[in-house]
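Data block for query-v2.txt (compact mmCIF, C-alpha atoms (C1' of nucleotides)):
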```
# COMPACT_ATOMS: atom_id res chain seq x y z
CA MET A 1 -40.75 31.50 -4.59
CA ALA A 2 -40.21 27.86 -5.32
CA SER A 3 -40.43 25.65 -2.30
CA LEU A 4 -36.74 25.00 -1.69
CA PRO A 5 -36.14 25.36 1.99
CA LYS A 6 -32.36 25.22 1.74
CA LYS A 7 -30.30 24.60 -1.36
CA PRO A 8 -30.08 20.85 -1.91
CA ALA A 9 -28.17 20.71 -5.17
CA MET A 10 -27.99 16.97 -4.69
CA SER A 11 -29.70 14.43 -2.54
CA LYS A 12 -30.03 10.71 -2.07
CA ASP A 13 -32.74 10.65 -4.70
CA SER A 14 -30.63 12.40 -7.29
CA LEU A 15 -27.56 10.30 -6.50
CA LEU A 16 -29.10 6.84 -6.43
CA PRO A 17 -29.77 6.52 -10.18
CA LEU A 18 -26.20 7.47 -10.96
CA LEU A 19 -24.86 5.10 -8.35
CA MET A 20 -27.05 2.33 -9.71
CA ALA A 21 -25.71 2.90 -13.21
CA HIS A 22 -22.16 2.61 -11.95
CA VAL A 23 -22.89 -0.54 -9.99
CA MET A 24 -24.60 -2.11 -13.00
CA ALA A 25 -21.50 -1.52 -15.08
CA GLU A 26 -18.75 -2.23 -12.57
CA GLY A 27 -20.26 -4.56 -10.03
CA LEU A 28 -21.25 -4.23 -6.43
CA GLY A 29 -18.34 -5.91 -4.72
CA GLN A 30 -15.70 -3.72 -6.30
CA ALA A 31 -17.59 -0.52 -5.70
CA SER A 32 -15.65 1.85 -3.46
CA LEU A 33 -16.52 5.37 -2.46
CA ARG A 34 -14.24 7.39 -4.72
CA PRO A 35 -15.20 5.67 -8.00
CA LEU A 36 -18.85 5.77 -6.98
CA ALA A 37 -18.55 9.46 -6.22
CA LYS A 38 -16.84 10.12 -9.51
CA ALA A 39 -19.61 8.33 -11.37
CA ALA A 40 -22.17 10.44 -9.53
CA GLY A 41 -20.25 13.66 -10.08
CA THR A 42 -19.40 14.24 -6.45
CA SER A 43 -16.81 13.40 -3.86
CA ASP A 44 -16.58 10.55 -1.40
CA ARG A 45 -16.99 13.23 1.24
CA MET A 46 -20.49 13.99 -0.03
CA LEU A 47 -21.54 10.35 -0.26
CA ILE A 48 -20.72 9.84 3.40
CA TYR A 49 -22.47 13.11 4.19
CA HIS A 50 -25.68 12.04 2.51
CA PHE A 51 -25.76 8.35 3.41
CA GLY A 52 -23.88 8.28 6.69
CA SER A 53 -21.64 5.35 5.87
CA LYS A 54 -20.79 3.10 2.98
CA GLU A 55 -22.82 0.30 4.49
CA ALA A 56 -25.88 2.54 4.61
CA LEU A 57 -25.21 3.65 1.08
CA VAL A 58 -25.14 0.08 -0.19
CA SER A 59 -28.26 -0.77 1.74
CA ASP A 60 -30.12 2.26 0.38
CA LEU A 61 -28.85 1.50 -3.08
CA LEU A 62 -30.11 -2.07 -2.94
CA THR A 63 -33.51 -0.87 -1.80
CA TYR A 64 -33.56 1.60 -4.65
CA ILE A 65 -32.55 -1.04 -7.18
CA ALA A 66 -35.27 -3.35 -5.90
CA GLY A 67 -37.74 -0.51 -6.42
CA VAL A 68 -36.56 0.12 -9.96
CA TYR A 69 -36.87 -3.57 -10.69
CA ALA A 70 -40.42 -3.61 -9.34
CA GLY A 71 -41.25 -0.62 -11.51
CA MET A 72 -39.88 -2.36 -14.56
CA LEU A 73 -42.09 -5.36 -13.88
CA ASP A 74 -45.13 -3.18 -13.35
CA ALA A 75 -44.48 -1.40 -16.63
CA GLY A 76 -44.05 -4.74 -18.34
CA VAL A 77 -47.41 -5.98 -17.08
CA ALA A 78 -49.30 -3.39 -19.08
CA ALA A 79 -47.28 -3.90 -22.25
CA SER A 80 -47.05 -7.68 -22.50
CA ALA A 81 -49.62 -9.97 -24.05
CA ARG A 82 -50.84 -12.72 -21.78
CA PRO A 83 -49.38 -16.05 -22.93
CA ALA A 84 -51.72 -18.92 -23.66
CA THR A 85 -49.76 -21.74 -22.04
CA ARG A 86 -47.15 -22.27 -19.37
CA ALA A 87 -44.71 -23.38 -22.05
CA GLU A 88 -45.24 -20.17 -23.95
CA LEU A 89 -44.75 -18.09 -20.83
CA LEU A 90 -41.58 -19.97 -19.95
CA THR A 91 -40.19 -19.51 -23.45
CA GLY A 92 -40.71 -15.78 -23.22
CA LEU A 93 -39.06 -15.61 -19.82
CA LEU A 94 -36.03 -17.52 -21.02
CA ALA A 95 -35.71 -15.28 -24.06
CA GLN A 96 -35.89 -12.21 -21.87
CA ASN A 97 -33.28 -13.55 -19.45
CA GLY A 98 -31.01 -14.40 -22.34
CA ASP A 99 -31.27 -10.94 -23.85
CA PRO A 100 -27.79 -9.33 -23.81
CA ALA A 101 -29.38 -6.12 -22.53
CA MET A 102 -30.34 -8.00 -19.39
CA GLN A 103 -26.86 -9.29 -18.72
CA PRO A 104 -25.63 -6.42 -16.52
CA PHE A 105 -28.68 -6.91 -14.41
CA GLN A 106 -28.10 -10.65 -14.24
CA MET A 107 -24.55 -10.09 -13.04
CA LEU A 108 -25.78 -7.75 -10.37
CA TRP A 109 -28.44 -10.23 -9.39
CA TRP A 110 -25.98 -13.00 -8.64
CA GLU A 111 -23.95 -10.61 -6.55
CA ILE A 112 -27.08 -9.81 -4.57
CA VAL A 113 -27.83 -13.50 -4.14
CA SER A 114 -24.29 -14.07 -2.94
CA GLY A 115 -24.57 -11.24 -0.45
CA SER A 116 -27.93 -12.55 0.68
CA ALA A 117 -26.50 -16.02 1.24
CA ARG A 118 -23.84 -14.43 3.48
CA ASP A 119 -26.48 -12.20 5.05
CA LEU A 120 -24.63 -8.98 4.34
CA PRO A 121 -26.61 -5.97 5.57
CA GLY A 122 -29.36 -5.01 3.16
CA PHE A 123 -28.85 -7.83 0.70
CA ARG A 124 -31.34 -10.32 2.05
CA ALA A 125 -34.14 -7.75 2.19
CA ALA A 126 -33.48 -6.52 -1.34
CA ALA A 127 -33.27 -10.04 -2.74
CA ARG A 128 -36.40 -11.16 -0.94
CA GLY A 129 -38.29 -8.15 -2.19
CA MET A 130 -37.23 -8.61 -5.77
CA VAL A 131 -38.12 -12.28 -5.80
CA GLY A 132 -41.44 -11.52 -4.15
CA LYS A 133 -42.18 -8.94 -6.78
CA LEU A 134 -41.19 -11.25 -9.57
CA LEU A 135 -43.39 -13.97 -8.13
CA ALA A 136 -46.40 -11.66 -7.96
CA TRP A 137 -45.81 -10.53 -11.50
CA LEU A 138 -45.47 -14.13 -12.59
CA GLU A 139 -48.79 -15.04 -11.02
CA GLY A 140 -50.40 -12.30 -13.04
CA GLN A 141 -48.79 -13.62 -16.18
CA MET A 142 -50.04 -17.16 -15.79
CA PRO A 143 -52.27 -18.40 -18.62
CA ALA A 144 -55.95 -17.63 -18.26
CA GLY A 145 -57.25 -21.13 -17.67
CA ASP A 146 -54.36 -22.38 -15.59
CA PRO A 147 -55.54 -24.84 -12.95
CA ASP A 148 -53.13 -23.58 -10.27
CA PRO A 149 -51.73 -20.11 -11.02
CA ALA A 150 -50.16 -19.63 -7.59
CA GLY A 151 -48.40 -22.97 -7.47
CA GLY A 152 -47.57 -22.85 -11.15
CA ALA A 153 -45.93 -19.44 -10.78
CA ARG A 154 -43.78 -20.76 -7.94
CA PHE A 155 -42.86 -23.76 -9.96
CA LEU A 156 -41.91 -21.67 -12.98
CA LEU A 157 -39.96 -19.31 -10.75
CA ALA A 158 -37.79 -22.13 -9.43
CA VAL A 159 -37.28 -23.46 -12.94
CA ILE A 160 -36.29 -20.20 -14.58
CA GLU A 161 -33.96 -19.26 -11.75
CA GLY A 162 -32.31 -22.63 -12.00
CA ALA A 163 -31.95 -22.15 -15.73
CA ALA A 164 -30.53 -18.67 -15.19
CA MET A 165 -27.94 -20.03 -12.79
CA LEU A 166 -26.91 -22.72 -15.24
CA ALA A 167 -26.61 -20.06 -17.92
CA ALA A 168 -24.44 -17.95 -15.63
CA VAL A 169 -21.92 -20.77 -15.36
CA GLY A 170 -21.91 -21.61 -19.04
CA HIS A 171 -24.38 -24.47 -18.96
CA GLU A 172 -27.20 -22.88 -20.93
CA ALA A 173 -27.44 -25.97 -23.12
CA THR A 174 -27.86 -28.16 -20.07
CA ALA A 175 -30.67 -25.91 -18.88
CA TYR A 176 -32.43 -26.07 -22.22
CA GLU A 177 -32.17 -29.85 -22.38
CA GLY A 178 -33.51 -30.11 -18.86
CA LEU A 179 -36.54 -27.95 -19.53
CA LEU A 180 -37.17 -29.89 -22.70
CA ALA A 181 -36.97 -33.20 -20.90
CA GLY A 182 -39.26 -31.84 -18.23
CA GLY A 183 -41.91 -31.19 -20.87
CA LEU A 184 -41.94 -27.49 -20.06
CA LEU A 185 -41.16 -26.14 -23.52
CA PRO A 186 -43.43 -25.97 -26.58
CA THR A 187 -43.10 -28.94 -28.86
CA MET B 1 17.64 -39.27 7.02
CA ALA B 2 14.21 -38.63 5.74
CA SER B 3 13.92 -38.21 2.00
CA LEU B 4 13.76 -34.44 1.69
CA PRO B 5 15.64 -33.43 -1.42
CA LYS B 6 15.42 -29.71 -0.72
CA LYS B 7 13.40 -28.51 2.22
CA PRO B 8 9.94 -27.77 0.94
CA ALA B 9 8.27 -27.17 4.28
CA MET B 10 5.24 -26.00 2.37
CA SER B 11 3.90 -26.14 -1.15
CA LYS B 12 0.77 -25.37 -3.09
CA ASP B 13 -0.59 -28.77 -2.17
CA SER B 14 -0.07 -28.27 1.52
CA LEU B 15 -1.42 -24.73 1.43
CA LEU B 16 -4.58 -25.22 -0.60
CA PRO B 17 -6.56 -27.15 2.01
CA LEU B 18 -5.84 -24.49 4.61
CA LEU B 19 -6.74 -21.73 2.18
CA MET B 20 -9.95 -23.52 1.28
CA ALA B 21 -10.91 -23.78 4.92
CA HIS B 22 -10.41 -20.08 5.38
CA VAL B 23 -12.39 -19.23 2.27
CA MET B 24 -15.22 -21.50 3.36
CA ALA B 25 -15.43 -19.66 6.64
CA GLU B 26 -14.80 -16.10 5.58
CA GLY B 27 -15.83 -15.91 1.96
CA LEU B 28 -14.00 -15.52 -1.28
CA GLY B 29 -14.57 -11.86 -1.99
CA GLN B 30 -13.17 -10.67 1.32
CA ALA B 31 -10.17 -12.94 1.16
CA SER B 32 -6.95 -10.94 1.05
CA LEU B 33 -3.41 -12.17 1.17
CA ARG B 34 -2.49 -11.44 4.78
CA PRO B 35 -5.54 -13.11 6.37
CA LEU B 36 -5.19 -16.02 3.96
CA ALA B 37 -1.54 -16.36 4.89
CA LYS B 38 -2.29 -16.22 8.58
CA ALA B 39 -4.91 -18.95 8.17
CA ALA B 40 -2.35 -21.07 6.34
CA GLY B 41 0.41 -20.37 8.86
CA THR B 42 2.58 -18.36 6.51
CA SER B 43 3.12 -14.89 5.22
CA ASP B 44 1.68 -13.10 2.24
CA ARG B 45 5.21 -13.12 0.91
CA MET B 46 5.13 -16.91 0.68
CA LEU B 47 1.72 -17.06 -0.96
CA ILE B 48 2.95 -14.84 -3.75
CA TYR B 49 6.11 -16.89 -3.98
CA HIS B 50 4.22 -20.15 -4.42
CA PHE B 51 1.33 -18.97 -6.57
CA GLY B 52 2.85 -16.05 -8.42
CA SER B 53 -0.01 -13.64 -7.87
CA LYS B 54 -3.25 -13.40 -5.99
CA GLU B 55 -5.19 -13.96 -9.19
CA ALA B 56 -3.32 -17.20 -9.80
CA LEU B 57 -3.86 -18.19 -6.19
CA VAL B 58 -7.61 -17.71 -6.48
CA SER B 59 -7.69 -19.56 -9.76
CA ASP B 60 -5.71 -22.48 -8.32
CA LEU B 61 -7.85 -22.45 -5.24
CA LEU B 62 -11.05 -22.64 -7.26
CA THR B 63 -9.67 -25.55 -9.23
CA TYR B 64 -8.73 -27.27 -6.01
CA ILE B 65 -12.15 -26.66 -4.50
CA ALA B 66 -13.80 -28.04 -7.62
CA GLY B 67 -11.65 -31.13 -7.23
CA VAL B 68 -12.59 -31.55 -3.60
CA TYR B 69 -16.23 -31.20 -4.55
CA ALA B 70 -15.88 -33.84 -7.24
CA GLY B 71 -14.23 -36.13 -4.74
CA MET B 72 -17.07 -35.65 -2.31
CA LEU B 73 -19.58 -36.63 -4.96
CA ASP B 74 -17.55 -39.67 -5.95
CA ALA B 75 -17.39 -40.76 -2.34
CA GLY B 76 -21.12 -40.21 -2.01
CA VAL B 77 -21.85 -42.44 -5.00
CA ALA B 78 -20.52 -45.50 -3.24
CA ALA B 79 -22.28 -44.76 0.02
CA SER B 80 -25.75 -43.72 -1.08
CA ALA B 81 -28.66 -46.00 -1.83
CA ARG B 82 -30.22 -45.55 -5.26
CA PRO B 83 -33.63 -43.87 -4.89
CA ALA B 84 -36.68 -45.52 -6.42
CA THR B 85 -38.33 -42.44 -7.91
CA ARG B 86 -37.44 -38.96 -9.10
CA ALA B 87 -39.46 -37.49 -6.27
CA GLU B 88 -37.50 -39.50 -3.76
CA LEU B 89 -34.21 -38.39 -5.29
CA LEU B 90 -35.30 -34.77 -5.28
CA THR B 91 -36.37 -34.98 -1.66
CA GLY B 92 -32.97 -36.30 -0.68
CA LEU B 93 -31.20 -33.57 -2.62
CA LEU B 94 -33.26 -30.85 -1.01
CA ALA B 95 -32.59 -32.26 2.43
CA GLN B 96 -28.88 -32.37 1.71
CA ASN B 97 -28.84 -28.80 0.43
CA GLY B 98 -30.74 -27.63 3.47
CA ASP B 99 -28.35 -29.31 5.87
CA PRO B 100 -26.68 -26.61 8.01
CA ALA B 101 -23.36 -28.33 7.46
CA MET B 102 -23.69 -27.53 3.77
CA GLN B 103 -24.32 -23.84 4.30
CA PRO B 104 -20.70 -22.65 4.14
CA PHE B 105 -20.38 -24.45 0.87
CA GLN B 106 -23.62 -22.94 -0.42
CA MET B 107 -22.37 -19.45 0.41
CA LEU B 108 -19.16 -20.14 -1.43
CA TRP B 109 -21.10 -21.54 -4.33
CA TRP B 110 -23.09 -18.35 -4.89
CA GLU B 111 -19.90 -16.35 -4.77
CA ILE B 112 -18.49 -18.60 -7.47
CA VAL B 113 -21.63 -18.18 -9.56
CA SER B 114 -21.39 -14.43 -9.17
CA GLY B 115 -17.76 -14.46 -10.25
CA SER B 116 -18.64 -16.70 -13.16
CA ALA B 117 -21.39 -14.34 -14.29
CA ARG B 118 -18.81 -11.54 -14.31
CA ASP B 119 -16.29 -13.86 -15.92
CA LEU B 120 -13.60 -13.29 -13.32
CA PRO B 121 -10.51 -15.36 -14.09
CA GLY B 122 -10.90 -18.96 -12.97
CA PHE B 123 -14.47 -18.70 -11.80
CA ARG B 124 -16.25 -19.80 -14.95
CA ALA B 125 -14.07 -22.88 -15.35
CA ALA B 126 -14.51 -23.93 -11.73
CA ALA B 127 -18.26 -23.38 -11.82
CA ARG B 128 -18.65 -25.23 -15.09
CA GLY B 129 -16.63 -28.13 -13.79
CA MET B 130 -18.57 -28.41 -10.59
CA VAL B 131 -21.92 -28.30 -12.35
CA GLY B 132 -20.73 -30.83 -14.88
CA LYS B 133 -19.61 -33.14 -12.12
CA LEU B 134 -22.88 -32.71 -10.26
CA LEU B 135 -24.78 -33.46 -13.43
CA ALA B 136 -22.84 -36.64 -14.06
CA TRP B 137 -23.38 -37.75 -10.48
CA LEU B 138 -27.06 -36.97 -10.80
CA GLU B 139 -27.36 -39.10 -13.91
CA GLY B 140 -25.91 -41.97 -11.96
CA GLN B 141 -28.39 -41.40 -9.18
CA MET B 142 -31.47 -41.49 -11.37
CA PRO B 143 -33.98 -44.24 -10.56
CA ALA B 144 -33.36 -47.60 -12.21
CA GLY B 145 -36.28 -47.65 -14.59
CA ASP B 146 -36.28 -43.97 -15.45
CA PRO B 147 -37.39 -43.39 -19.06
CA ASP B 148 -34.91 -40.54 -19.67
CA PRO B 149 -32.07 -40.48 -17.14
CA ALA B 150 -30.01 -37.90 -19.04
CA GLY B 151 -32.83 -35.43 -19.59
CA GLY B 152 -34.31 -36.10 -16.20
CA ALA B 153 -31.01 -35.37 -14.48
CA ARG B 154 -30.77 -32.05 -16.32
CA PHE B 155 -34.32 -31.22 -15.37
CA LEU B 156 -33.73 -32.03 -11.72
CA LEU B 157 -30.50 -30.04 -11.79
CA ALA B 158 -32.30 -26.91 -12.94
CA VAL B 159 -35.02 -27.43 -10.38
CA ILE B 160 -32.78 -27.99 -7.37
CA GLU B 161 -30.54 -25.08 -8.28
CA GLY B 162 -33.56 -22.83 -8.59
CA ALA B 163 -34.78 -24.04 -5.24
CA ALA B 164 -31.33 -23.45 -3.73
CA MET B 165 -31.32 -19.88 -5.03
CA LEU B 166 -34.74 -19.22 -3.57
CA ALA B 167 -33.53 -20.63 -0.27
CA ALA B 168 -30.49 -18.36 -0.38
CA VAL B 169 -32.74 -15.29 -0.51
CA GLY B 170 -35.13 -16.45 2.18
CA HIS B 171 -37.81 -17.93 -0.08
CA GLU B 172 -37.44 -21.59 0.85
CA ALA B 173 -41.19 -21.86 1.37
CA THR B 174 -41.80 -20.53 -2.13
CA ALA B 175 -39.44 -23.15 -3.51
CA TYR B 176 -41.17 -25.93 -1.63
CA GLU B 177 -44.60 -24.83 -2.81
CA GLY B 178 -43.36 -24.63 -6.36
CA LEU B 179 -41.91 -28.13 -6.37
CA LEU B 180 -45.09 -29.40 -4.79
CA ALA B 181 -47.25 -27.71 -7.43
CA GLY B 182 -44.96 -29.11 -10.11
CA GLY B 183 -45.72 -32.61 -8.89
CA LEU B 184 -42.09 -33.27 -8.17
CA LEU B 185 -42.37 -34.21 -4.52
CA PRO B 186 -43.74 -37.43 -2.99
CA THR B 187 -47.38 -37.23 -2.09
C1' DA C 1 -27.36 42.91 11.52
C1' DA C 2 -26.33 38.74 13.94
C1' DG C 3 -26.24 34.24 14.44
C1' DC C 4 -27.16 29.73 12.76
C1' DC C 5 -26.89 25.79 10.12
C1' DA C 6 -27.35 22.76 5.98
C1' DG C 7 -24.24 21.91 2.29
C1' DT C 8 -19.56 21.64 0.17
C1' DG C 9 -14.41 21.64 -0.95
C1' DT C 10 -9.53 20.50 0.63
C1' DA C 11 -6.57 17.88 3.08
C1' DG C 12 -5.44 14.31 5.53
C1' DC C 13 -5.51 10.16 8.89
C1' DA C 14 -4.88 5.38 9.93
C1' DC C 15 -5.24 1.50 7.71
C1' DT C 16 -5.17 -2.41 4.21
C1' DC C 17 -4.19 -3.80 -0.44
C1' DG C 18 -1.07 -6.68 -3.70
C1' DC C 19 3.49 -6.96 -4.43
C1' DT C 20 8.75 -6.34 -4.26
C1' DA C 21 13.67 -5.52 -2.82
C1' DC C 22 17.02 -7.38 -0.12
C1' DA C 23 19.17 -10.36 2.76
C1' DG C 24 19.91 -14.67 4.85
C1' DA C 25 19.74 -19.85 5.32
C1' DA C 26 19.89 -24.35 3.77
C1' DT C 27 21.03 -27.72 0.36
C1' DC C 28 22.42 -29.05 -4.17
C1' DG C 29 26.01 -30.23 -8.06
C1' DC C 30 30.73 -29.77 -8.97
C1' DG D 1 35.80 -26.59 -0.65
C1' DC D 2 32.11 -23.27 -3.33
C1' DG D 3 29.14 -21.27 -6.37
C1' DA D 4 24.29 -21.92 -7.58
C1' DT D 5 19.70 -22.75 -6.57
C1' DT D 6 15.75 -22.94 -3.62
C1' DC D 7 13.28 -21.39 0.09
C1' DT D 8 11.94 -17.92 3.71
C1' DG D 9 11.89 -13.73 6.87
C1' DT D 10 11.88 -8.45 7.36
C1' DA D 11 10.78 -4.28 5.73
C1' DG D 12 8.68 -1.43 2.90
C1' DC D 13 6.46 0.83 -1.38
C1' DG D 14 2.75 3.08 -3.83
C1' DA D 15 -1.95 2.93 -4.30
C1' DG D 16 -6.39 2.69 -2.49
C1' DT D 17 -9.74 2.11 1.59
C1' DG D 18 -13.57 4.32 4.63
C1' DC D 19 -13.92 8.22 7.05
C1' DT D 20 -12.95 12.83 9.55
C1' DA D 21 -11.30 17.65 10.81
C1' DC D 22 -11.61 22.11 9.40
C1' DA D 23 -12.74 25.98 6.95
C1' DC D 24 -15.97 28.26 4.20
C1' DT D 25 -20.14 29.51 1.61
C1' DG D 26 -24.77 31.10 1.22
C1' DG D 27 -29.30 31.47 2.49
C1' DC D 28 -32.38 31.11 6.72
C1' DT D 29 -34.52 32.92 11.02
C1' DT D 30 -34.76 36.31 14.59
```

Mind converting the file's structure to structure tokens?
Amino acid sequence: MASLPKKPAMSKDSLLPLLMAHVMAEGLGQASLRPLAKAAGTSDRMLIYHFGSKEALVSDLLTYIAGVYAGMLDAGVAASARPATRAELLTGLLAQNGDPAMQPFQMLWWEIVSGSARDLPGFRAAARGMVGKLLAWLEGQMPAGDPDPAGGARFLLAVIEGAAMLAAVGHEATAYEGLLAGGLLPT
Amino acid sequence: MASLPKKPAMSKDSLLPLLMAHVMAEGLGQASLRPLAKAAGTSDRMLIYHFGSKEALVSDLLTYIAGVYAGMLDAGVAASARPATRAELLTGLLAQNGDPAMQPFQMLWWEIVSGSARDLPGFRAAARGMVGKLLAWLEGQMPAGDPDPAGGARFLLAVIEGAAMLAAVGHEATAYEGLLAGGLLPT
DNA sequence: AAGCCAGTGTAGCACTCGCTACAGAATCGC
DNA sequence: GCGATTCTGTAGCGAGTGCTACACTGGCTT
């Protein structure tokens, strides 16, 4: 016999990817149980059954999303070529953030930041974790001979997040001009 | 007799400050008509009457908030002493952003950014306007002998917004270390 | 076989949502 | 005067909210 003690046709683990997909497309704030359930092929009844409450569902979902994000970064570490300069690294990061494929994630990210600023349950932890993961990844991406990889990664993190925010409000040109004036982009 | 042509006991102009106060305290996403009306001393019925729809109300409210923000900056221009160096300016900005009194506004700001990223009606325009105003103010605040006030202001804008985001997710130490490593803070 | 219990569907509850219909009240131009 | 216009209160609608009560299945243990 296979080792299925009961008959769990669905579980948190099987639901979370589907819920994440829906939240990516529709947003976190507007997500209510019935649409979420429909996207996951279940009923609101079952979501409450598995997660206990909507609040717990959102919290679990944020944790899951943070994990997926960490996995994406880990996968990217193996694939990407180590840049030679900070400017080169920054250019690549900006290009990646600007990629249209990343936009749903960017939208979700600002919702998470907003929830974190208001300290909604689960948001702060997820945001902290994702930033921490990004920072660690960034340290590993710093150029080989960099004099201060740890500090430099933190500096670049602040800069790219600032640029991302400006882009989110339609000031991508301002961001570019700023980074240029700061001497952070290749000449 | 007083000069009341009709009897406009209330109007958009009289309502918007009260609505803004409520939104500052409670958040923009959770704001629904009945609580908003209660905070403004009216009924949901009247809010719809004056603004036409909730969407229009939010849009008008964002425009109003952007105006208030611009006014605050203008008032600050007259009062503040011009800093001598970029590092000094940045230090002052960080201190201001970290001020607990600014926190309700910071929370609201990230909600506006989130709405702008999703392109909700009115959000992008308000966010753009506020950033534009902040940028202009920042240019005026740049040190007297600065070699590139325009570019420098844009650079500082990206940096402080990145630092503000990191602070919003509980990474204020990371932001500080980054700015330090970037040589942007006084030694 | 008997009982148990995790898992699931149906129906519904109490509530809030944005918005509207309808009726009054006050003030205007005529 | 008197209709018209502007403003405001009461009541409610239809839809959606998170969540629950209840019945029922099917496989488990004993």

Show which residues sit within 8 Å of region 116-128 of chain A, as a ChimeraX atom specification. Count all atoms listed in the file, and ignore same-chain residues fewer than 5 positions away.
/A:55,58-60,62-63,66 /B:106-107,110,168-171

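Distance check against chain C using all atoms listed in the file: of A:Leu19, A:Ala84, A:Met24, A:Leu47, the minimum falls on A:Leu47.
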
For chain D against chain B, which residues fall within 12 Å using all atoms listed in the file, given as a PyMOL selection string?
chain D and resi 5-11

Report, in Å with one decimal, the straight-line distance from CA of Thr85 (chain B) to CA of Asp146 (chain A).
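We find that CA of Thr85 (chain B) and CA of Asp146 (chain A) lie 26.8 Å from each other.
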
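Rounded to one decimal, CA of Ala167 (chain A) and CA of Gly140 (chain A) lie 25.5 Å from each other.
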
Protein, DNA and RNA residues within 7 Å of (2.5, -8.5, -4.9), all atoms listed in the file, as an NGL selection string:
(:B and (48 or 53)) or (:C and (18-20))

Which is closer to chain C than all the others in A:Val77, A:His22, A:Asp44, A:Leu16, using only C-alpha atoms (C1' of nucleotides)?
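Closest to chain C, using only C-alpha atoms (C1' of nucleotides): A:Asp44.
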
CA of Asp99 (chain B) to CA of Tyr69 (chain B), distance in Å rounded to a single decimal
16.1 Å

Excluding DA21 (chain D) and its own-chain neighbours fewer than 3 positions away, which residues fall within 12 Å of it when counting only C-alpha atoms (C1' of nucleotides)? Please give them as a VMD selection string.
(chain A and resid 45) or (chain C and resid 10 to 13)

At a cut-off of 10 Å, which residues of chain C touch chain A? Count all atoms listed in the file and give the answer as a PDB file with C-alpha atoms (C1' of nucleotides), keeping the file's coordinate frame.
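After the write, result26.pdb holds the following:
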```
ATOM      1  C1'  DA C   6     -27.350  22.760   5.980  1.00  0.00           C
ATOM      2  C1'  DG C   7     -24.240  21.910   2.290  1.00  0.00           C
ATOM      3  C1'  DT C   8     -19.560  21.640   0.170  1.00  0.00           C
ATOM      4  C1'  DG C   9     -14.410  21.640  -0.950  1.00  0.00           C
TER       5       DG C   9
END
```

Which residue, B:Gly92, B:Gly29, B:Gly67, B:Pro17, has the smallest gap to chain A when you use only C-alpha atoms?
B:Gly29

Nearest to chain A: which of B:Ala101, B:Gln30, B:Pro83, B:Lys38 is it, counting all atoms listed in the file?
B:Gln30

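Nearest to Ala153 (chain A) of all the residues A:Trp109, A:Leu33, A:Leu89, A:Ala79 is A:Leu89, based on all atoms listed in the file.
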
Would you mind writing region 172-180 of chain A with N, CA, C and O atoms, as an mmCIF file, in the frame of the given file?
```cif
data_model
loop_
_atom_site.group_PDB
_atom_site.id
_atom_site.type_symbol
_atom_site.label_atom_id
_atom_site.label_comp_id
_atom_site.auth_asym_id
_atom_site.auth_seq_id
_atom_site.Cartn_x
_atom_site.Cartn_y
_atom_site.Cartn_z
ATOM 1 N N GLU A 172 -25.876 -23.193 -20.409
ATOM 2 C CA GLU A 172 -27.200 -22.880 -20.930
ATOM 3 C C GLU A 172 -27.785 -24.054 -21.722
ATOM 4 O O GLU A 172 -28.996 -24.288 -21.678
ATOM 5 N N ALA A 173 -26.938 -24.818 -22.380
ATOM 6 C CA ALA A 173 -27.440 -25.970 -23.120
ATOM 7 C C ALA A 173 -28.036 -27.007 -22.177
ATOM 8 O O ALA A 173 -29.095 -27.588 -22.448
ATOM 9 N N THR A 174 -27.348 -27.222 -21.073
ATOM 10 C CA THR A 174 -27.860 -28.160 -20.070
ATOM 11 C C THR A 174 -29.241 -27.731 -19.593
ATOM 12 O O THR A 174 -30.163 -28.547 -19.450
ATOM 13 N N ALA A 175 -29.376 -26.427 -19.347
ATOM 14 C CA ALA A 175 -30.670 -25.910 -18.880
ATOM 15 C C ALA A 175 -31.749 -26.177 -19.926
ATOM 16 O O ALA A 175 -32.846 -26.657 -19.600
ATOM 17 N N TYR A 176 -31.436 -25.884 -21.159
ATOM 18 C CA TYR A 176 -32.430 -26.070 -22.220
ATOM 19 C C TYR A 176 -32.844 -27.535 -22.322
ATOM 20 O O TYR A 176 -34.042 -27.851 -22.409
ATOM 21 N N GLU A 177 -31.866 -28.428 -22.293
ATOM 22 C CA GLU A 177 -32.170 -29.850 -22.380
ATOM 23 C C GLU A 177 -33.023 -30.306 -21.197
ATOM 24 O O GLU A 177 -33.926 -31.148 -21.349
ATOM 25 N N GLY A 178 -32.728 -29.738 -20.042
ATOM 26 C CA GLY A 178 -33.510 -30.110 -18.860
ATOM 27 C C GLY A 178 -34.957 -29.681 -18.983
ATOM 28 O O GLY A 178 -35.870 -30.460 -18.704
ATOM 29 N N LEU A 179 -35.161 -28.433 -19.395
ATOM 30 C CA LEU A 179 -36.540 -27.950 -19.530
ATOM 31 C C LEU A 179 -37.284 -28.737 -20.604
ATOM 32 O O LEU A 179 -38.487 -29.025 -20.460
ATOM 33 N N LEU A 180 -36.566 -29.089 -21.642
ATOM 34 C CA LEU A 180 -37.170 -29.890 -22.700
ATOM 35 C C LEU A 180 -37.593 -31.257 -22.169
ATOM 36 O O LEU A 180 -38.734 -31.704 -22.369
#
```
